[in-house]
Protein chains: 2
Amino acid sequence: MNEHIAKQFDADLENIRSRVLQMGGLVEQQIVRAFAALETGDLMLADEVVATDHDVNRHEVELDEACAHLIARRQPAASDLRMIMAVIKTITDLERVGDEAKKIAKRARTLHSGDMPFVPRVELRHVSATAVAMLRKALDAFARTDPTVSAQIARQDKEVDAEFKSIMRQLITFMMEDPRMISSSLEVLFIAKAIERIGDHAKNISEYVVYMVKGRDVRHIGLEAIEREAAEG
Amino acid sequence: MNEHIAKQFDADLENIRSRVLQMGGLVEQQIVRAFAALETGDLMLADEVVATDHDVNRHEVELDEACAHLIARRQPAASDLRMIMAVIKTITDLERVGDEAKKIAKRARTLHSGDMPFVPRVELRHVSATAVAMLRKALDAFARTDPTVSAQIARQDKEVDAEFKSIMRQLITFMMEDPRMISSSLEVLFIAKAIERIGDHAKNISEYVVYMVKGRDVRHIGLEAIEREAAEG
């Protein structure tokens, strides 16, 4: 590749990467707003989150298109191609995180619509903060092309999974004590499940960063192996 | 592209496509076996499904790698590239379907392990058959590069969503009548949720086929627009 083309490729790729981060920022905002709607019962805010999901989807479609164009026009070599593959995978996960935010907003609407007078008091703030922090960290790792945080995120994912199980046990107790709690408890359970999924997606994204940098696929190999990978630097 | 290179590209792409179908067949088998384990209480079978998930994951990693190699070596033009992008997206969804099969097998194990004497009798056979049929149809559409079935699959996805809601209502009734049913009902609820997700993934795959053929992105545009797309032939 001559120097001019190489520069142009870098500029195009940088443009795509910054748009991924923009999409990531939007998705993060969607989760935070969905939770605010859940905590405050602001139904207008919940509606806004649902409506804004279209923007998230548009980002995904446009970025897929941009990646295809970049490959077709610049015919990148192996390492650049890995970067683009990582982008394609990352935006799929971001779009799914957006879906989870939308689902949380919808359930916030159901819980606050007045049809459910018996709502269990379950603390979701900590686990949702962890999931959002994981996502932010994964996007940060993507921005700085830093593979070392993936082990840390994998550990946090285990924490989130454990917290989900603990929330589920609490909800079972509520339901057993008062059957009128059952419907609303299931809504809360699915919200907790959505948070747990956001953690999974953040973990996926951090693993693509490792793939992008090292060309080795760390998906599906377990936490210990990821830590070895990170330690190998 | 000269004729020799074009032929070689076609052969490579065909090879990748047939491996995707092989992966699809394995994933379909995983769902069917997970359900058999659930219905019969065969714990060995459940364990086998969980263990075989590694094979599904290996397929995904190898196919990603094959796609990257194909792009790097053959530098495909726009329409071929679309095909490869569709493959990359499809295998991500197939891998997630495999995860759902694994989750069903694990919950089958929990339900049959003897710790849960009070298990609600809920009919999952119909909805799971629909989800498997959707997946088979989506893979068939992928094999024949046929975009016309996507509208049909989108309609079936709505049926599956409605069935999921009906199952949830039944489970709420069971839980209200007998609190000892609560824990096992939640297991069944998550199994139903896994089936609903399999339907979502099948829908995603059928939409990639439309993108592959028409170069237009039908994700996120709603059922009516998909039907228009299909009618335009």
# chains A, B, ... in the order shown; residues from 1 in each chain; ligands from 1
>>> residues_around(residues="A:Met134", least_positions_apart="5", cutoff="9 Å", atoms="only C-alpha atoms", output="NGL selection string")
:A and (129 or 139 or 153 or 156-157 or 198-199 or 202-203)
>>> write_last_selection(atoms="C-alpha atoms", output="mmCIF file, in the first residue's frame")
data_model
loop_
_atom_site.group_PDB
_atom_site.id
_atom_site.type_symbol
_atom_site.label_atom_id
_atom_site.label_comp_id
_atom_site.auth_asym_id
_atom_site.auth_seq_id
_atom_site.Cartn_x
_atom_site.Cartn_y
_atom_site.Cartn_z
ATOM 1 C CA ALA A 129 -23.859 0.393 38.205
ATOM 2 C CA LEU A 139 -15.540 0.800 25.276
ATOM 3 C CA ILE A 153 -14.182 -7.356 33.008
ATOM 4 C CA GLN A 156 -16.841 -8.403 37.079
ATOM 5 C CA ASP A 157 -19.102 -10.458 34.833
ATOM 6 C CA ILE A 198 -25.540 -6.114 29.515
ATOM 7 C CA GLY A 199 -22.614 -7.503 31.501
ATOM 8 C CA ALA A 202 -19.552 -5.811 27.787
ATOM 9 C CA LYS A 203 -17.487 -8.958 28.262
#
>>> interface_residues(of="chain A", to="chain B", cutoff="7 Å", atoms="only C-alpha atoms", output="PDB file with C-alpha atoms, in the first residue's frame")
ATOM      1  CA  ASN A  57     -30.377   0.712  15.394  1.00  0.00           C
ATOM      2  CA  ALA A  68     -18.270  -2.979   4.138  1.00  0.00           C
ATOM      3  CA  ALA A  72     -14.233  -3.012  -0.489  1.00  0.00           C
ATOM      4  CA  GLN A  75      -8.689  -3.938   0.749  1.00  0.00           C
ATOM      5  CA  PRO A  76      -7.017  -4.009   4.141  1.00  0.00           C
ATOM      6  CA  ALA A  77      -4.372  -6.504   5.213  1.00  0.00           C
ATOM      7  CA  ALA A  78      -4.698  -9.000   8.048  1.00  0.00           C
ATOM      8  CA  LEU A  81      -9.022  -6.475   8.817  1.00  0.00           C
ATOM      9  CA  ILE A 172     -38.569 -15.856  45.325  1.00  0.00           C
ATOM     10  CA  MET A 176     -43.636 -16.856  48.593  1.00  0.00           C
ATOM     11  CA  PRO A 179     -48.588 -14.035  45.968  1.00  0.00           C
ATOM     12  CA  ILE A 182     -45.712 -12.448  41.772  1.00  0.00           C
ATOM     13  CA  SER A 183     -46.459 -10.446  38.607  1.00  0.00           C
ATOM     14  CA  HIS A 220     -14.949 -19.248  25.043  1.00  0.00           C
TER      15      HIS A 220
END
>>> residues_around(residues="A:Arg19", least_positions_apart="4", cutoff="10 Å", atoms="only C-alpha atoms", output="ChimeraX atom specification")
/A:13-15,23-25,59-60,62-63
>>> write_last_selection(atoms="all heavy atoms", output="compact mmCIF listing (two decimals), in the first residue's frame")
# COMPACT_ATOMS: atom_id res chain seq x y z
N LEU A 13 -10.65 4.44 9.04
CA LEU A 13 -10.82 3.53 10.16
C LEU A 13 -11.02 4.32 11.45
O LEU A 13 -11.87 3.98 12.28
CB LEU A 13 -9.58 2.63 10.29
CG LEU A 13 -9.66 1.52 11.33
CD1 LEU A 13 -10.85 0.60 11.06
CD2 LEU A 13 -8.37 0.68 11.33
N GLU A 14 -10.25 5.41 11.60
CA GLU A 14 -10.39 6.25 12.79
C GLU A 14 -11.79 6.83 12.86
O GLU A 14 -12.41 6.88 13.93
CB GLU A 14 -9.34 7.37 12.74
CG GLU A 14 -8.91 7.89 14.09
CD GLU A 14 -8.88 6.83 15.17
OE1 GLU A 14 -8.19 5.81 14.97
OE2 GLU A 14 -9.58 7.00 16.20
N ASN A 15 -12.30 7.21 11.71
CA ASN A 15 -13.66 7.75 11.64
C ASN A 15 -14.69 6.71 12.11
O ASN A 15 -15.58 7.00 12.92
CB ASN A 15 -13.95 8.17 10.19
CG ASN A 15 -15.37 8.67 10.03
OD1 ASN A 15 -16.25 7.91 9.64
ND2 ASN A 15 -15.61 9.93 10.36
N MET A 23 -21.73 5.63 19.28
CA MET A 23 -22.83 4.68 19.46
C MET A 23 -22.79 4.12 20.89
O MET A 23 -23.83 3.98 21.54
CB MET A 23 -22.71 3.55 18.44
CG MET A 23 -23.82 2.52 18.53
SD MET A 23 -23.58 1.17 17.32
CE MET A 23 -24.98 0.10 17.72
N GLY A 24 -21.59 3.81 21.35
CA GLY A 24 -21.43 3.29 22.72
C GLY A 24 -21.91 4.29 23.76
O GLY A 24 -22.59 3.91 24.73
N GLY A 25 -21.60 5.56 23.54
CA GLY A 25 -22.05 6.61 24.46
C GLY A 25 -23.57 6.70 24.49
O GLY A 25 -24.18 6.81 25.56
N HIS A 59 -27.50 3.62 13.95
CA HIS A 59 -26.04 3.58 14.10
C HIS A 59 -25.49 2.24 13.63
O HIS A 59 -24.49 2.17 12.93
CB HIS A 59 -25.64 3.79 15.56
CG HIS A 59 -25.50 5.23 15.96
ND1 HIS A 59 -24.40 5.98 15.67
CD2 HIS A 59 -26.34 6.05 16.62
CE1 HIS A 59 -24.54 7.20 16.15
NE2 HIS A 59 -25.72 7.28 16.74
N GLU A 60 -26.14 1.15 14.06
CA GLU A 60 -25.63 -0.18 13.71
C GLU A 60 -25.62 -0.38 12.19
O GLU A 60 -24.63 -0.81 11.61
CB GLU A 60 -26.48 -1.28 14.36
CG GLU A 60 -25.88 -2.67 14.14
CD GLU A 60 -26.87 -3.82 14.32
OE1 GLU A 60 -28.08 -3.56 14.40
OE2 GLU A 60 -26.41 -4.96 14.35
N GLU A 62 -25.69 1.82 9.78
CA GLU A 62 -24.75 2.71 9.08
C GLU A 62 -23.31 2.27 9.28
O GLU A 62 -22.50 2.35 8.36
CB GLU A 62 -24.92 4.15 9.58
CG GLU A 62 -26.21 4.79 9.06
CD GLU A 62 -26.43 6.19 9.63
OE1 GLU A 62 -25.53 6.71 10.34
OE2 GLU A 62 -27.51 6.76 9.38
N LEU A 63 -23.00 1.78 10.47
CA LEU A 63 -21.62 1.35 10.72
C LEU A 63 -21.29 0.06 9.97
O LEU A 63 -20.17 -0.11 9.48
CB LEU A 63 -21.38 1.20 12.23
CG LEU A 63 -21.00 2.51 12.93
CD1 LEU A 63 -21.17 2.40 14.43
CD2 LEU A 63 -19.55 2.88 12.60
>>> residues_around(residues="A:Ile104", least_positions_apart="4", cutoff="10 Å", atoms="only C-alpha atoms", output="ChimeraX atom specification")
/A:30-31,33-35,37-38,46,49-50,98-100,108-110,187-188,190-195
>>> closest_residue(among="A:Lys106, A:Arg125, A:His4, A:Lys214", to="A:Thr145", atoms="only C-alpha atoms")
A:Lys214
>>> atom_distance(atom1="atom CA of B:Ala141", atom2="atom CA of A:Arg96")
23.6 Å
>>> select_by_dssp(residues="stretch 175-224 of chain B", states="helix (DSSP H, G or I)", output="MDAnalysis selection string")
chainID B and resid 175:177 179:214 223:224
>>> atom_distance(atom1="atom CA of A:Ala131", atom2="atom CA of A:Ile167")
14.7 Å
>>> closest_residue(among="A:Ile5, A:Val122, A:Leu111, A:Val56", to="A:Ser184", atoms="only C-alpha atoms")
A:Leu111
>>> residues_around(residues="B:Val213", least_positions_apart="5", cutoff="8 Å", atoms="only C-alpha atoms", output="VMD selection string")
chain B and resid 83 145 to 147
>>> write_last_selection(atoms="C-alpha atoms", output="short mmCIF file (atom, residue, chain, number, x, y, z; two decimals), in the first residue's frame")
data_model
loop_
_atom_site.label_atom_id
_atom_site.label_comp_id
_atom_site.auth_asym_id
_atom_site.auth_seq_id
_atom_site.Cartn_x
_atom_site.Cartn_y
_atom_site.Cartn_z
CA MET B 83 -22.23 -12.37 1.60
CA THR B 145 -29.90 -17.54 -0.76
CA ASP B 146 -33.65 -17.04 -0.72
CA PRO B 147 -34.81 -13.75 0.82
#
>>> closest_residue(among="B:Arg107, B:Thr130, B:Arg136, B:Val20", to="B:Asp161", atoms="only C-alpha atoms")
B:Thr130
>>> atom_distance(atom1="atom CA of B:Met212", atom2="atom CA of B:Leu21")
15.8 Å
>>> decode(residues="stretch 144-159 of chain A", atoms="all heavy atoms", output="PDB file, in the first residue's frame")
ATOM      1  N   ARG A 144      -8.800   2.713  23.369  1.00  0.00           N
ATOM      2  CA  ARG A 144      -7.345   2.750  23.540  1.00  0.00           C
ATOM      3  C   ARG A 144      -6.689   1.483  23.004  1.00  0.00           C
ATOM      4  O   ARG A 144      -5.486   1.285  23.201  1.00  0.00           O
ATOM      5  CB  ARG A 144      -7.016   2.944  25.026  1.00  0.00           C
ATOM      6  CG  ARG A 144      -7.454   4.325  25.553  1.00  0.00           C
ATOM      7  CD  ARG A 144      -7.107   4.520  27.031  1.00  0.00           C
ATOM      8  NE  ARG A 144      -7.902   3.664  27.896  1.00  0.00           N
ATOM      9  CZ  ARG A 144      -7.455   2.625  28.581  1.00  0.00           C
ATOM     10  NH1 ARG A 144      -6.183   2.289  28.512  1.00  0.00           N
ATOM     11  NH2 ARG A 144      -8.263   1.910  29.328  1.00  0.00           N
ATOM     12  N   THR A 145      -7.474   0.630  22.319  1.00  0.00           N
ATOM     13  CA  THR A 145      -6.977  -0.674  21.851  1.00  0.00           C
ATOM     14  C   THR A 145      -6.166  -1.360  22.937  1.00  0.00           C
ATOM     15  O   THR A 145      -5.056  -1.831  22.701  1.00  0.00           O
ATOM     16  CB  THR A 145      -6.117  -0.542  20.570  1.00  0.00           C
ATOM     17  OG1 THR A 145      -6.194   0.787  20.064  1.00  0.00           O
ATOM     18  CG2 THR A 145      -6.602  -1.473  19.494  1.00  0.00           C
ATOM     19  N   ASP A 146      -6.744  -1.438  24.105  1.00  0.00           N
ATOM     20  CA  ASP A 146      -6.042  -1.989  25.270  1.00  0.00           C
ATOM     21  C   ASP A 146      -6.637  -3.345  25.667  1.00  0.00           C
ATOM     22  O   ASP A 146      -7.751  -3.412  26.176  1.00  0.00           O
ATOM     23  CB  ASP A 146      -6.170  -0.993  26.430  1.00  0.00           C
ATOM     24  CG  ASP A 146      -5.575  -1.531  27.722  1.00  0.00           C
ATOM     25  OD1 ASP A 146      -5.016  -2.641  27.714  1.00  0.00           O
ATOM     26  OD2 ASP A 146      -5.670  -0.821  28.742  1.00  0.00           O
ATOM     27  N   PRO A 147      -5.900  -4.434  25.432  1.00  0.00           N
ATOM     28  CA  PRO A 147      -6.447  -5.764  25.721  1.00  0.00           C
ATOM     29  C   PRO A 147      -6.363  -6.163  27.191  1.00  0.00           C
ATOM     30  O   PRO A 147      -6.930  -7.175  27.591  1.00  0.00           O
ATOM     31  CB  PRO A 147      -5.569  -6.681  24.878  1.00  0.00           C
ATOM     32  CG  PRO A 147      -4.248  -5.986  24.842  1.00  0.00           C
ATOM     33  CD  PRO A 147      -4.536  -4.503  24.872  1.00  0.00           C
ATOM     34  N   THR A 148      -5.653  -5.376  28.008  1.00  0.00           N
ATOM     35  CA  THR A 148      -5.352  -5.848  29.373  1.00  0.00           C
ATOM     36  C   THR A 148      -6.561  -5.835  30.309  1.00  0.00           C
ATOM     37  O   THR A 148      -6.548  -6.514  31.330  1.00  0.00           O
ATOM     38  CB  THR A 148      -4.232  -5.009  30.031  1.00  0.00           C
ATOM     39  OG1 THR A 148      -4.688  -3.646  30.123  1.00  0.00           O
ATOM     40  CG2 THR A 148      -2.952  -5.056  29.218  1.00  0.00           C
ATOM     41  N   VAL A 149      -7.599  -5.062  29.996  1.00  0.00           N
ATOM     42  CA  VAL A 149      -8.727  -4.979  30.933  1.00  0.00           C
ATOM     43  C   VAL A 149      -9.701  -6.148  30.815  1.00  0.00           C
ATOM     44  O   VAL A 149     -10.595  -6.293  31.653  1.00  0.00           O
ATOM     45  CB  VAL A 149      -9.538  -3.670  30.769  1.00  0.00           C
ATOM     46  CG1 VAL A 149      -8.709  -2.473  31.184  1.00  0.00           C
ATOM     47  CG2 VAL A 149     -10.062  -3.524  29.363  1.00  0.00           C
ATOM     48  N   SER A 150      -9.524  -6.991  29.775  1.00  0.00           N
ATOM     49  CA  SER A 150     -10.551  -8.012  29.540  1.00  0.00           C
ATOM     50  C   SER A 150     -10.670  -8.994  30.715  1.00  0.00           C
ATOM     51  O   SER A 150     -11.772  -9.442  31.034  1.00  0.00           O
ATOM     52  CB  SER A 150     -10.290  -8.755  28.230  1.00  0.00           C
ATOM     53  OG  SER A 150      -9.171  -9.580  28.364  1.00  0.00           O
ATOM     54  N   ALA A 151      -9.545  -9.300  31.366  1.00  0.00           N
ATOM     55  CA  ALA A 151      -9.599 -10.226  32.505  1.00  0.00           C
ATOM     56  C   ALA A 151     -10.407  -9.617  33.650  1.00  0.00           C
ATOM     57  O   ALA A 151     -11.216 -10.297  34.292  1.00  0.00           O
ATOM     58  CB  ALA A 151      -8.184 -10.560  32.970  1.00  0.00           C
ATOM     59  N   GLN A 152     -10.188  -8.319  33.867  1.00  0.00           N
ATOM     60  CA  GLN A 152     -10.908  -7.607  34.917  1.00  0.00           C
ATOM     61  C   GLN A 152     -12.422  -7.610  34.631  1.00  0.00           C
ATOM     62  O   GLN A 152     -13.233  -7.842  35.537  1.00  0.00           O
ATOM     63  CB  GLN A 152     -10.374  -6.179  34.942  1.00  0.00           C
ATOM     64  CG  GLN A 152     -10.667  -5.422  36.212  1.00  0.00           C
ATOM     65  CD  GLN A 152     -10.276  -3.942  36.049  1.00  0.00           C
ATOM     66  OE1 GLN A 152      -9.443  -3.590  35.208  1.00  0.00           O
ATOM     67  NE2 GLN A 152     -10.898  -3.092  36.842  1.00  0.00           N
ATOM     68  N   ILE A 153     -12.761  -7.366  33.386  1.00  0.00           N
ATOM     69  CA  ILE A 153     -14.182  -7.356  33.008  1.00  0.00           C
ATOM     70  C   ILE A 153     -14.786  -8.751  33.149  1.00  0.00           C
ATOM     71  O   ILE A 153     -15.922  -8.904  33.603  1.00  0.00           O
ATOM     72  CB  ILE A 153     -14.356  -6.793  31.579  1.00  0.00           C
ATOM     73  CG1 ILE A 153     -14.021  -5.298  31.575  1.00  0.00           C
ATOM     74  CG2 ILE A 153     -15.773  -7.026  31.060  1.00  0.00           C
ATOM     75  CD1 ILE A 153     -14.125  -4.615  30.231  1.00  0.00           C
ATOM     76  N   ALA A 154     -14.026  -9.774  32.806  1.00  0.00           N
ATOM     77  CA  ALA A 154     -14.522 -11.150  32.955  1.00  0.00           C
ATOM     78  C   ALA A 154     -14.814 -11.452  34.422  1.00  0.00           C
ATOM     79  O   ALA A 154     -15.789 -12.129  34.754  1.00  0.00           O
ATOM     80  CB  ALA A 154     -13.506 -12.138  32.384  1.00  0.00           C
ATOM     81  N   ARG A 155     -13.963 -10.926  35.317  1.00  0.00           N
ATOM     82  CA  ARG A 155     -14.204 -11.116  36.758  1.00  0.00           C
ATOM     83  C   ARG A 155     -15.472 -10.388  37.200  1.00  0.00           C
ATOM     84  O   ARG A 155     -16.280 -10.936  37.945  1.00  0.00           O
ATOM     85  CB  ARG A 155     -13.004 -10.620  37.564  1.00  0.00           C
ATOM     86  CG  ARG A 155     -12.106 -11.747  38.081  1.00  0.00           C
ATOM     87  CD  ARG A 155     -11.144 -11.257  39.157  1.00  0.00           C
ATOM     88  NE  ARG A 155     -10.479 -10.035  38.746  1.00  0.00           N
ATOM     89  CZ  ARG A 155      -9.377  -9.987  37.981  1.00  0.00           C
ATOM     90  NH1 ARG A 155      -8.813 -11.104  37.573  1.00  0.00           N
ATOM     91  NH2 ARG A 155      -8.842  -8.839  37.637  1.00  0.00           N
ATOM     92  N   GLN A 156     -15.635  -9.158  36.724  1.00  0.00           N
ATOM     93  CA  GLN A 156     -16.841  -8.403  37.079  1.00  0.00           C
ATOM     94  C   GLN A 156     -18.095  -9.093  36.547  1.00  0.00           C
ATOM     95  O   GLN A 156     -19.149  -9.042  37.167  1.00  0.00           O
ATOM     96  CB  GLN A 156     -16.760  -6.986  36.511  1.00  0.00           C
ATOM     97  CG  GLN A 156     -15.862  -6.067  37.329  1.00  0.00           C
ATOM     98  CD  GLN A 156     -15.888  -4.640  36.795  1.00  0.00           C
ATOM     99  OE1 GLN A 156     -15.548  -4.402  35.646  1.00  0.00           O
ATOM    100  NE2 GLN A 156     -16.289  -3.701  37.629  1.00  0.00           N
ATOM    101  N   ASP A 157     -17.955  -9.744  35.399  1.00  0.00           N
ATOM    102  CA  ASP A 157     -19.102 -10.458  34.833  1.00  0.00           C
ATOM    103  C   ASP A 157     -19.549 -11.571  35.776  1.00  0.00           C
ATOM    104  O   ASP A 157     -20.744 -11.823  35.941  1.00  0.00           O
ATOM    105  CB  ASP A 157     -18.724 -11.020  33.453  1.00  0.00           C
ATOM    106  CG  ASP A 157     -19.942 -11.569  32.733  1.00  0.00           C
ATOM    107  OD1 ASP A 157     -20.980 -10.876  32.714  1.00  0.00           O
ATOM    108  OD2 ASP A 157     -19.876 -12.703  32.221  1.00  0.00           O
ATOM    109  N   LYS A 158     -18.581 -12.217  36.407  1.00  0.00           N
ATOM    110  CA  LYS A 158     -18.930 -13.257  37.385  1.00  0.00           C
ATOM    111  C   LYS A 158     -19.643 -12.651  38.604  1.00  0.00           C
ATOM    112  O   LYS A 158     -20.575 -13.251  39.144  1.00  0.00           O
ATOM    113  CB  LYS A 158     -17.668 -14.007  37.842  1.00  0.00           C
ATOM    114  CG  LYS A 158     -17.184 -15.014  36.809  1.00  0.00           C
ATOM    115  CD  LYS A 158     -16.138 -15.952  37.394  1.00  0.00           C
ATOM    116  CE  LYS A 158     -15.573 -16.873  36.328  1.00  0.00           C
ATOM    117  NZ  LYS A 158     -16.545 -17.877  35.847  1.00  0.00           N
ATOM    118  N   GLU A 159     -19.190 -11.468  39.013  1.00  0.00           N
ATOM    119  CA  GLU A 159     -19.866 -10.771  40.118  1.00  0.00           C
ATOM    120  C   GLU A 159     -21.323 -10.475  39.762  1.00  0.00           C
ATOM    121  O   GLU A 159     -22.231 -10.669  40.571  1.00  0.00           O
ATOM    122  CB  GLU A 159     -19.180  -9.430  40.405  1.00  0.00           C
ATOM    123  CG  GLU A 159     -17.906  -9.496  41.229  1.00  0.00           C
ATOM    124  CD  GLU A 159     -17.189  -8.143  41.217  1.00  0.00           C
ATOM    125  OE1 GLU A 159     -17.869  -7.093  41.270  1.00  0.00           O
ATOM    126  OE2 GLU A 159     -15.941  -8.169  41.121  1.00  0.00           O
TER     127      GLU A 159
END
